[in-house]
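Asks: Got a structure for you, work36.cif, holding mmCIF, C-alpha atoms and all ligand atoms.
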data_run
loop_
_atom_site.label_atom_id
_atom_site.label_comp_id
_atom_site.auth_asym_id
_atom_site.auth_seq_id
_atom_site.Cartn_x
_atom_site.Cartn_y
_atom_site.Cartn_z
CA MET A 18 13.69 12.94 -7.93
CA GLU A 19 11.95 16.30 -8.18
CA LYS A 20 12.72 16.18 -11.92
CA ASP A 21 11.10 12.78 -12.44
CA LEU A 22 8.06 13.28 -14.66
CA LYS A 23 6.61 9.93 -13.54
CA SER A 24 6.28 11.25 -9.97
CA LYS A 25 4.14 14.20 -11.02
CA THR A 26 0.35 14.41 -10.92
CA LEU A 27 -1.37 15.82 -13.99
CA LYS A 28 -1.85 19.11 -12.14
CA GLU A 29 1.88 19.31 -11.40
CA LEU A 30 2.66 18.57 -15.05
CA GLU A 31 0.29 21.36 -16.10
CA GLU A 32 2.18 23.76 -13.82
CA LEU A 33 5.46 22.53 -15.25
CA ALA A 34 4.21 22.92 -18.85
CA ALA A 35 2.91 26.43 -18.09
CA GLY A 36 6.37 27.34 -16.83
CA PHE A 37 7.67 26.51 -20.31
CA GLY A 38 4.87 28.52 -21.96
CA GLN A 39 2.96 25.34 -22.96
CA LYS A 40 -0.79 24.72 -22.81
CA ASP A 41 -2.48 22.33 -20.32
CA TYR A 42 -3.25 19.69 -22.97
CA ILE A 43 0.50 19.26 -23.52
CA ALA A 44 0.75 18.07 -19.89
CA GLY A 45 -2.01 15.56 -20.71
CA TYR A 46 0.17 14.12 -23.51
CA ILE A 47 3.11 13.72 -21.13
CA PHE A 48 0.92 12.07 -18.47
CA SER A 49 -0.72 9.54 -20.76
CA PHE A 50 2.45 8.71 -22.70
CA ILE A 51 4.10 7.85 -19.37
CA HIS A 52 1.25 6.00 -17.65
CA VAL A 53 -0.61 4.44 -20.58
CA ARG A 54 1.99 4.01 -23.31
CA ALA A 55 4.81 3.37 -20.82
CA VAL A 56 7.43 5.38 -22.73
CA LYS A 57 10.92 5.16 -21.28
CA ASP A 58 12.26 8.58 -22.16
CA ILE A 59 11.16 12.10 -22.97
CA ASP A 60 12.18 11.78 -26.61
CA SER A 61 9.54 9.06 -27.07
CA ILE A 62 6.72 11.50 -26.27
CA THR A 63 6.41 12.24 -29.95
CA THR A 64 3.41 14.57 -29.64
CA LEU A 65 5.66 17.15 -27.96
CA SER A 66 7.60 19.50 -30.16
CA LYS A 67 11.29 18.66 -30.58
CA SER A 68 12.26 21.95 -28.98
CA PHE A 69 10.13 21.32 -25.86
CA ARG A 70 11.56 17.81 -25.52
CA ARG A 71 15.06 19.28 -25.79
CA GLN A 72 14.26 21.95 -23.20
CA LEU A 73 12.99 19.35 -20.73
CA THR A 74 16.05 17.16 -21.21
CA GLU A 75 18.44 20.11 -20.93
CA GLU A 76 16.81 21.02 -17.61
CA ASP A 77 17.42 17.46 -16.37
CA TYR A 78 13.82 16.23 -16.44
CA PHE A 79 13.60 12.47 -16.91
CA ILE A 80 11.27 9.47 -16.64
CA SER A 81 12.28 7.00 -13.93
CA ARG A 82 11.84 3.27 -14.38
CA LEU A 83 11.89 0.39 -11.91
CA GLU A 84 13.94 -2.59 -12.95
CA PRO A 85 12.32 -5.98 -12.27
CA VAL A 86 15.13 -8.22 -10.98
CA ASP A 87 13.20 -11.32 -9.95
CA LYS A 88 9.78 -12.90 -10.34
CA LEU A 89 8.61 -15.86 -8.28
CA THR A 90 5.35 -17.78 -8.65
CA ASP A 91 3.72 -19.74 -5.82
CA PRO A 92 1.78 -22.96 -6.60
CA ASP A 93 -1.39 -21.06 -5.54
CA GLY A 94 -0.80 -18.58 -8.41
CA THR A 95 0.47 -15.65 -6.32
CA ILE A 96 3.35 -13.84 -8.03
CA LYS A 97 6.03 -11.89 -6.22
CA TYR A 98 8.11 -9.29 -8.07
CA VAL A 99 11.41 -7.96 -6.78
CA PHE A 100 12.42 -4.55 -8.14
CA GLY A 101 15.81 -2.86 -8.08
CA LEU A 102 15.82 0.85 -7.25
CA PRO A 103 18.36 3.19 -8.90
CA ASP A 104 20.38 3.35 -5.65
CA GLY A 105 20.71 -0.45 -5.46
CA LYS A 106 17.99 -0.98 -2.81
CA ARG A 107 15.27 -3.51 -3.45
CA ILE A 108 11.56 -3.64 -2.90
CA GLU A 109 8.86 -6.26 -3.44
CA SER A 110 5.32 -6.25 -4.83
CA VAL A 111 2.82 -9.10 -4.80
CA LEU A 112 0.06 -9.94 -7.27
CA LEU A 113 -2.81 -11.94 -5.77
CA PHE A 114 -5.50 -13.75 -7.74
CA ASP A 115 -9.00 -14.19 -6.33
CA ASP A 116 -11.60 -15.27 -8.92
CA ASP A 117 -11.79 -12.35 -11.35
CA ARG A 118 -9.98 -10.00 -9.03
CA ARG A 119 -6.30 -9.27 -9.45
CA THR A 120 -5.01 -7.33 -6.52
CA LEU A 121 -1.57 -5.80 -6.55
CA CYS A 122 0.03 -5.15 -3.18
CA VAL A 123 2.59 -2.34 -3.63
CA SER A 124 5.39 -1.07 -1.41
CA THR A 125 5.60 2.57 -0.34
CA GLN A 126 8.96 2.45 1.44
CA ALA A 127 12.13 0.38 1.25
CA GLY A 128 12.08 -1.15 4.73
CA CYS A 129 9.91 0.33 7.48
CA SER A 130 10.54 2.07 10.79
CA MET A 131 7.40 0.81 12.53
CA GLY A 132 8.93 -2.44 13.81
CA CYS A 133 5.78 -4.59 14.03
CA VAL A 134 7.10 -7.86 15.43
CA PHE A 135 5.08 -10.11 13.14
CA CYS A 136 6.50 -8.47 10.00
CA ALA A 137 9.79 -9.19 8.23
CA THR A 138 9.89 -5.70 6.69
CA GLY A 139 9.86 -4.18 10.17
CA ARG A 140 13.15 -5.94 10.92
CA LEU A 141 14.90 -4.02 8.15
CA GLY A 142 14.23 -0.61 9.67
CA LEU A 143 13.54 2.29 7.33
CA ILE A 144 15.90 2.40 4.38
CA ARG A 145 14.14 5.16 2.49
CA ASN A 146 10.81 6.45 1.27
CA LEU A 147 9.76 5.61 -2.27
CA THR A 148 8.82 8.39 -4.66
CA ALA A 149 5.34 8.53 -6.16
CA GLY A 150 6.93 7.41 -9.45
CA GLU A 151 8.44 4.33 -7.79
CA ILE A 152 5.10 3.43 -6.20
CA VAL A 153 3.18 3.94 -9.45
CA ASP A 154 5.74 2.08 -11.54
CA GLN A 155 5.11 -1.15 -9.63
CA VAL A 156 1.59 -0.94 -11.13
CA ASN A 157 2.84 0.15 -14.56
CA VAL A 158 5.41 -2.64 -14.90
CA ILE A 159 3.26 -5.47 -13.49
CA GLY A 160 0.16 -4.08 -15.21
CA ALA A 161 1.91 -4.49 -18.59
CA GLU A 162 1.56 -8.28 -18.26
CA ASN A 163 -1.52 -8.60 -16.00
CA LYS A 164 -4.77 -6.69 -15.87
CA ILE A 165 -4.89 -5.24 -12.34
CA SER A 166 -8.28 -4.61 -10.76
CA ASN A 167 -7.24 -3.41 -7.28
CA VAL A 168 -4.16 -1.82 -5.77
CA VAL A 169 -3.49 -2.03 -2.04
CA PHE A 170 -0.75 0.03 -0.41
CA MET A 171 0.05 -2.83 1.92
CA GLY A 172 3.48 -4.05 0.82
CA MET A 173 6.76 -2.94 2.38
CA GLY A 174 6.50 0.25 4.41
CA GLU A 175 3.95 2.42 6.18
CA PRO A 176 2.16 4.62 3.58
CA MET A 177 1.20 7.28 6.12
CA ALA A 178 4.86 7.72 7.02
CA ASN A 179 5.40 8.64 3.36
CA TYR A 180 2.07 10.42 3.09
CA ASP A 181 2.70 12.96 0.31
CA GLU A 182 4.22 10.50 -2.14
CA ALA A 183 1.66 7.79 -1.35
CA LEU A 184 -1.24 10.16 -1.92
CA LYS A 185 0.32 11.49 -5.10
CA ALA A 186 0.55 7.89 -6.32
CA VAL A 187 -3.18 7.47 -5.56
CA ARG A 188 -3.98 10.58 -7.62
CA ILE A 189 -1.82 9.40 -10.52
CA LEU A 190 -3.26 5.85 -10.55
CA ASN A 191 -6.83 7.12 -10.27
CA HIS A 192 -6.64 9.72 -13.02
CA PRO A 193 -8.76 8.95 -16.13
CA LYS A 194 -5.92 10.05 -18.43
CA GLY A 195 -3.62 7.47 -16.82
CA LYS A 196 -4.29 4.01 -15.38
CA ASN A 197 -7.82 5.12 -14.41
CA ILE A 198 -8.11 2.75 -11.44
CA GLY A 199 -11.34 3.53 -9.60
CA ILE A 200 -10.86 5.19 -6.22
CA ARG A 201 -12.78 2.41 -4.46
CA HIS A 202 -10.24 -0.02 -5.94
CA LEU A 203 -7.33 1.77 -4.27
CA THR A 204 -6.65 1.05 -0.59
CA ILE A 205 -4.23 2.70 1.79
CA SER A 206 -3.35 0.49 4.72
CA THR A 207 -1.84 1.91 7.90
CA CYS A 208 -0.57 0.55 11.19
CA GLY A 209 -2.59 3.40 12.68
CA ILE A 210 -0.96 6.82 12.40
CA PRO A 211 -3.77 9.10 13.64
CA GLU A 212 -2.44 12.31 12.05
CA GLY A 213 -2.38 10.56 8.67
CA ILE A 214 -5.93 9.22 9.07
CA GLU A 215 -7.18 12.71 9.98
CA ARG A 216 -5.32 14.24 7.06
CA LEU A 217 -6.81 11.69 4.68
CA ALA A 218 -10.29 12.61 5.96
CA ASP A 219 -9.75 16.15 4.69
CA GLU A 220 -8.51 15.23 1.19
CA ASP A 221 -10.58 15.75 -1.95
CA ILE A 222 -9.78 12.18 -2.98
CA ARG A 223 -10.88 9.17 -0.91
CA PRO A 224 -9.13 5.85 -1.36
CA ARG A 225 -10.31 3.03 0.89
CA LEU A 226 -8.73 2.92 4.32
CA ALA A 227 -7.51 -0.24 6.05
CA ILE A 228 -6.09 -0.31 9.56
CA SER A 229 -3.76 -2.98 10.83
CA LEU A 230 -5.20 -3.46 14.34
CA ASN A 231 -4.15 -6.90 15.56
CA ALA A 232 -5.19 -6.54 19.21
CA PRO A 233 -8.21 -5.49 21.25
CA THR A 234 -6.22 -3.79 24.04
CA ASP A 235 -3.19 -1.53 24.37
CA ALA A 236 -1.38 -4.10 26.49
CA ILE A 237 -1.54 -6.78 23.80
CA ARG A 238 -1.01 -4.37 20.92
CA GLN A 239 2.14 -2.97 22.53
CA LYS A 240 3.69 -6.43 22.38
CA LEU A 241 3.06 -6.60 18.64
CA MET A 242 3.19 -3.02 17.40
CA PRO A 243 5.56 -0.50 19.02
CA ILE A 244 3.50 2.41 17.64
CA THR A 245 0.92 1.65 20.35
CA LYS A 246 3.19 3.25 22.97
CA LYS A 247 3.06 6.55 21.10
CA CYS A 248 -0.49 6.13 19.96
CA PRO A 249 -2.80 4.17 22.27
CA LEU A 250 -6.01 2.69 20.90
CA ASP A 251 -8.17 5.53 22.28
CA ARG A 252 -6.20 8.03 20.16
CA LEU A 253 -6.37 5.76 17.11
CA PHE A 254 -10.12 5.29 17.45
CA SER A 255 -10.71 9.01 17.92
CA ALA A 256 -8.92 9.56 14.56
CA ILE A 257 -11.09 6.86 12.98
CA ALA A 258 -14.23 8.53 14.38
CA PHE A 259 -13.07 11.86 12.90
CA TYR A 260 -12.43 10.15 9.55
CA GLN A 261 -15.89 8.58 9.53
CA ARG A 262 -17.67 11.79 10.56
CA LYS A 263 -16.05 13.50 7.57
CA THR A 264 -16.25 10.75 4.96
CA HIS A 265 -18.97 8.30 6.05
CA ASN A 266 -16.65 5.63 4.64
CA ARG A 267 -16.41 2.12 6.03
CA VAL A 268 -12.92 1.11 7.20
CA THR A 269 -11.37 -2.35 7.11
CA PHE A 270 -9.59 -3.66 10.17
CA GLU A 271 -6.82 -6.15 9.50
CA TYR A 272 -6.19 -8.56 12.35
CA VAL A 273 -3.30 -11.06 12.21
CA LEU A 274 -4.11 -14.02 14.45
CA ILE A 275 -1.18 -15.24 16.54
CA LYS A 276 -1.48 -18.34 18.67
CA GLY A 277 -1.97 -17.60 22.36
CA VAL A 278 -1.35 -13.88 21.91
CA ASN A 279 -4.51 -12.33 20.46
CA ASP A 280 -6.63 -15.22 19.18
CA THR A 281 -8.93 -16.48 21.95
CA VAL A 282 -12.69 -16.13 22.22
CA LEU A 283 -12.11 -13.64 25.04
CA HIS A 284 -9.93 -11.54 22.72
CA ALA A 285 -12.66 -11.71 20.08
CA ARG A 286 -15.24 -10.46 22.59
CA MET A 287 -12.96 -7.60 23.63
CA LEU A 288 -12.52 -6.76 19.95
CA VAL A 289 -16.29 -6.66 19.46
CA LYS A 290 -16.52 -4.19 22.36
CA ARG A 291 -13.77 -2.05 20.85
CA LEU A 292 -15.35 -1.97 17.38
CA ARG A 293 -18.89 -1.19 18.50
CA GLY A 294 -20.20 1.89 16.70
CA VAL A 295 -17.48 1.85 14.01
CA LEU A 296 -18.65 1.36 10.42
CA CYS A 297 -16.28 -1.44 9.48
CA ASN A 298 -15.50 -4.91 8.31
CA VAL A 299 -12.79 -7.20 9.63
CA ASN A 300 -10.20 -9.26 7.76
CA LEU A 301 -8.70 -12.03 9.86
CA ILE A 302 -5.25 -12.95 8.56
CA GLU A 303 -3.41 -16.16 9.23
CA TYR A 304 -0.03 -15.41 10.72
CA ASN A 305 2.93 -16.25 8.50
CA PRO A 306 6.07 -16.90 10.50
CA HIS A 307 9.32 -15.48 9.15
CA SER A 308 12.86 -16.38 10.15
CA GLY A 309 13.76 -15.21 13.64
CA CYS A 310 10.17 -14.79 14.85
CA ILE A 311 8.94 -16.45 18.03
CA TRP A 312 5.20 -16.65 17.31
CA GLN A 313 3.07 -19.47 15.97
CA PRO A 314 0.01 -19.30 13.71
CA THR A 315 -3.45 -19.90 15.14
CA GLU A 316 -5.06 -23.25 14.33
CA ASN A 317 -8.02 -23.41 11.96
CA GLU A 318 -10.61 -24.26 14.60
CA ALA A 319 -9.57 -21.32 16.75
CA ILE A 320 -9.73 -19.02 13.71
CA GLU A 321 -13.28 -20.17 13.00
CA ARG A 322 -14.26 -19.64 16.66
CA PHE A 323 -12.79 -16.13 16.60
CA ALA A 324 -14.55 -15.30 13.33
CA GLY A 325 -17.81 -16.73 14.73
CA VAL A 326 -17.80 -14.28 17.66
CA LEU A 327 -17.35 -11.31 15.30
CA LYS A 328 -19.99 -12.52 12.86
CA GLU A 329 -22.47 -13.18 15.64
CA ALA A 330 -21.97 -9.61 16.81
CA GLY A 331 -22.89 -8.42 13.30
CA PHE A 332 -19.44 -7.61 11.89
CA GLU A 333 -18.74 -8.57 8.28
CA THR A 334 -15.72 -10.83 8.74
CA THR A 335 -13.48 -12.52 6.18
CA VAL A 336 -10.71 -15.00 6.87
CA ARG A 337 -7.78 -14.36 4.54
CA ARG A 338 -6.12 -17.67 3.83
CA LYS A 339 -2.38 -17.88 3.34
CA MET A 340 -1.35 -16.91 -0.18
CA GLY A 341 2.16 -17.00 -1.60
CA ARG A 342 3.82 -18.62 1.39
CA THR A 343 6.35 -20.74 -0.48
CA ILE A 344 7.78 -17.64 -2.15
CA LYS A 345 7.64 -15.55 1.04
CA ALA A 346 5.04 -13.26 -0.47
CA ALA A 347 2.38 -13.69 2.20
CA CYS A 348 1.34 -10.98 4.61
CA GLY A 349 4.23 -10.10 6.94
CA GLN A 350 6.85 -11.93 4.89
CA LEU A 351 7.98 -9.21 2.51
CA GLY A 352 11.45 -7.86 2.79
CA SER A 353 13.27 -10.67 4.51
CA LYS A 354 16.98 -10.13 3.95
CA GLU A 355 17.46 -13.57 2.40
CA ASN A 356 14.63 -12.77 -0.04
CA LEU A 357 16.06 -9.50 -1.18
CA LYS A 358 19.69 -10.60 -1.06
CA CYS A 359 19.76 -7.20 0.51
CA LYS A 360 22.63 -4.81 0.07
CA ASN A 361 21.51 -2.86 3.15
FE1 LIG B 1 5.86 -1.60 8.65
FE2 LIG B 1 3.47 -2.57 7.92
FE3 LIG B 1 5.46 -4.24 8.56
FE4 LIG B 1 4.32 -2.78 10.48
S1 LIG B 1 3.32 -4.37 9.24
S2 LIG B 1 6.55 -3.09 10.20
S3 LIG B 1 3.86 -0.89 9.37
S4 LIG B 1 5.44 -2.85 6.81
#
What does the file become when written as structure tokens?
Replies:
Amino acid sequence: MEKDLKSKTLKELEELAAGFGQKDYIAGYIFSFIHVRAVKDIDSITTLSKSFRRQLTEEDYFISRLEPVDKLTDPDGTIKYVFGLPDGKRIESVLLFDDDRRTLCVSTQAGCSMGCVFCATGRLGLIRNLTAGEIVDQVNVIGAENKISNVVFMGMGEPMANYDEALKAVRILNHPKGKNIGIRHLTISTCGIPEGIERLADEDIRPRLAISLNAPTDAIRQKLMPITKKCPLDRLFSAIAFYQRKTHNRVTFEYVLIKGVNDTVLHARMLVKRLRGVLCNVNLIEYNPHSGCIWQPTENEAIERFAGVLKEAGFETTVRRKMGRTIKAACGQLGSKENLKCKN
């Protein structure tokens, strides 16, 4: 995939063009023909000379393209897209509508090695990392029929476990010569890989950061998220503190509420204690059971009580209602084998 022009940032295309004796602006043509005009092959970049197009093709450069294989719409308007990858694997992306906002949730891996128990993708294990081109193309293909205002790297996979390609995708999507999606409209969501959070703090580009927390203590989090064994909450929060010292950016904590596991008033109070001093807001997410799971969703009243404790303590708190459940597009439901008719 090293020869895929869609996976290259503008800077990488400039280096490539220079290697062929071409000027920087030629790289700009390639970049915008791919990401704005959505050309399918090198020959369609008509502003390049015929000889340069031939040279690129002879050296095996190409433009990858995701194939949409299914599209499902929920009664609430949520749309789920299933894409086929060139090697026969499948991934999913979800488009969510909220007033004027159209948020696209993209995948960064096929499957995921993190094994969070509330997540269907985690049951697949890691199949493979996506390339930057495959991440970006979810936006390109879906963006051709819907204006997208926000992109969240929150679909299948752990973006920080595919850090280089995920960050390259951020750079490509953000660039003014391409999709030009504002950096504050791009969010990387992680289950909490501290090295990735610290690395992001040192980048010259700052997408929003969301952290899937889901528990106020290590003991509870270990039951839900195996990464906690390797990375206890103290380590995670020291990475967050480092990130905030460097960036002064607010982080979003995602918290899936599961009945009897992490959803009581006592848990909420422990969470308040844990979040004290962190510049943050909290999204409470209703749990969406998937086949084979043993947990139950929290009832509405308990959700409101939990949210009330956080709000009273001064934390901006939003309850994310279930979206796209009938098409298995809700949080934690992506990647079920029956959905993907998986060949894995
Ligand atoms: Fe992977 Fe995210 Fe699912 Fe955890 S929640 S298994 S990190 S996709």
Asks: Grab me every residue within 6 Å of ligand LIG 1 (chain B), counting all atoms listed in the file, and send it over as JSON, numbers by chain.
Replies: {"A": [129, 131, 132, 133, 136, 138, 139, 173, 174, 175, 208]}
Asks: Skip A:Leu274 itself and residues of its chain fewer than 4 positions away, then list as a list in words all residues within 6 Å of it, counting only C-alpha atoms.
Replies: Asp280, Glu303, Tyr304 and Thr315 of chain A
Asks: Which one is closest to A:Pro85: A:Gly150, A:Phe323, A:Asn157, A:Phe259? Count all atoms listed in the file.
Replies: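 Comparing A:Gly150, A:Phe323, A:Asn157, A:Phe259 against A:Pro85, the winner is A:Asn157.
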Asks: What's around stretch 336-344 of chain A at 9 Å? Count only C-alpha atoms, leave out sequence neighbours fewer than 3 positions away in its own chain, and write the answer as a list of chain:residue names.
Replies: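 Residues meeting the cut-off are A:Leu89, A:Thr90, A:Asp91, A:Pro92, A:Asp93, A:Gly94, A:Thr95, A:Ile96, A:Lys97, A:Val111, A:Leu113, A:Val299, A:Asn300, A:Leu301, A:Ile302, A:Glu303, A:Tyr304, A:Asn305, A:Ile320, A:Glu321, A:Ala324, A:Ala347, A:Cys348, A:Gln350, A:Asn356.
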Asks: List as a PDB file with C-alpha atoms, keeping the file's coordinate frame the protein and nucleic acid residues near A:Ala186, meaning an atom at most 7 Å away when all atoms listed in the file are counted, but skip any in the same chain fewer than 4 places from it.
Replies:
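The resulting file, around.pdb, is shown below:
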ATOM      1  CA  ALA A 149       5.340   8.530  -6.160  1.00  0.00           C
ATOM      2  CA  ILE A 152       5.100   3.430  -6.200  1.00  0.00           C
ATOM      3  CA  VAL A 153       3.180   3.940  -9.450  1.00  0.00           C
ATOM      4  CA  GLU A 182       4.220  10.500  -2.140  1.00  0.00           C
ATOM      5  CA  LEU A 190      -3.260   5.850 -10.550  1.00  0.00           C
TER       6      LEU A 190
END
Asks: How many Å lie between atom CA of A:Asp87 and atom CA of A:Ile159, rounded to one decimal?
Replies: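 Distance reported for this atom pair: 12.1 Å.
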Asks: Show me, as a list in words, the residues that have an atom within 7 Å of A:Asp154 when counting all atoms listed in the file, minus same-chain residues fewer than 4 positions from it.
Replies: Arg82, Leu83, Gly150 and Val158 of chain A
Asks: Tell me which protein, DNA and RNA residues are within 10 Å of A:Ala218, counting all atoms listed in the file, leaving out same-chain ones fewer than 5 positions away, and put them as a ChimeraX atom specification.
Replies: /A:212-213,223,226,256-257,259-266
Asks: Which value, in Å to one decimal, gives the distance between atom CA of A:Glu109 and atom CA of A:Gly352?
Replies: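 Separation of atom CA of A:Glu109 and atom CA of A:Gly352: 6.9 Å.
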Asks: Could you tell me which of A:Ser66, A:Gln126, A:Thr281, A:Asn191 comes closest to A:Thr204 if we count only C-alpha atoms?
Replies: A:Asn191
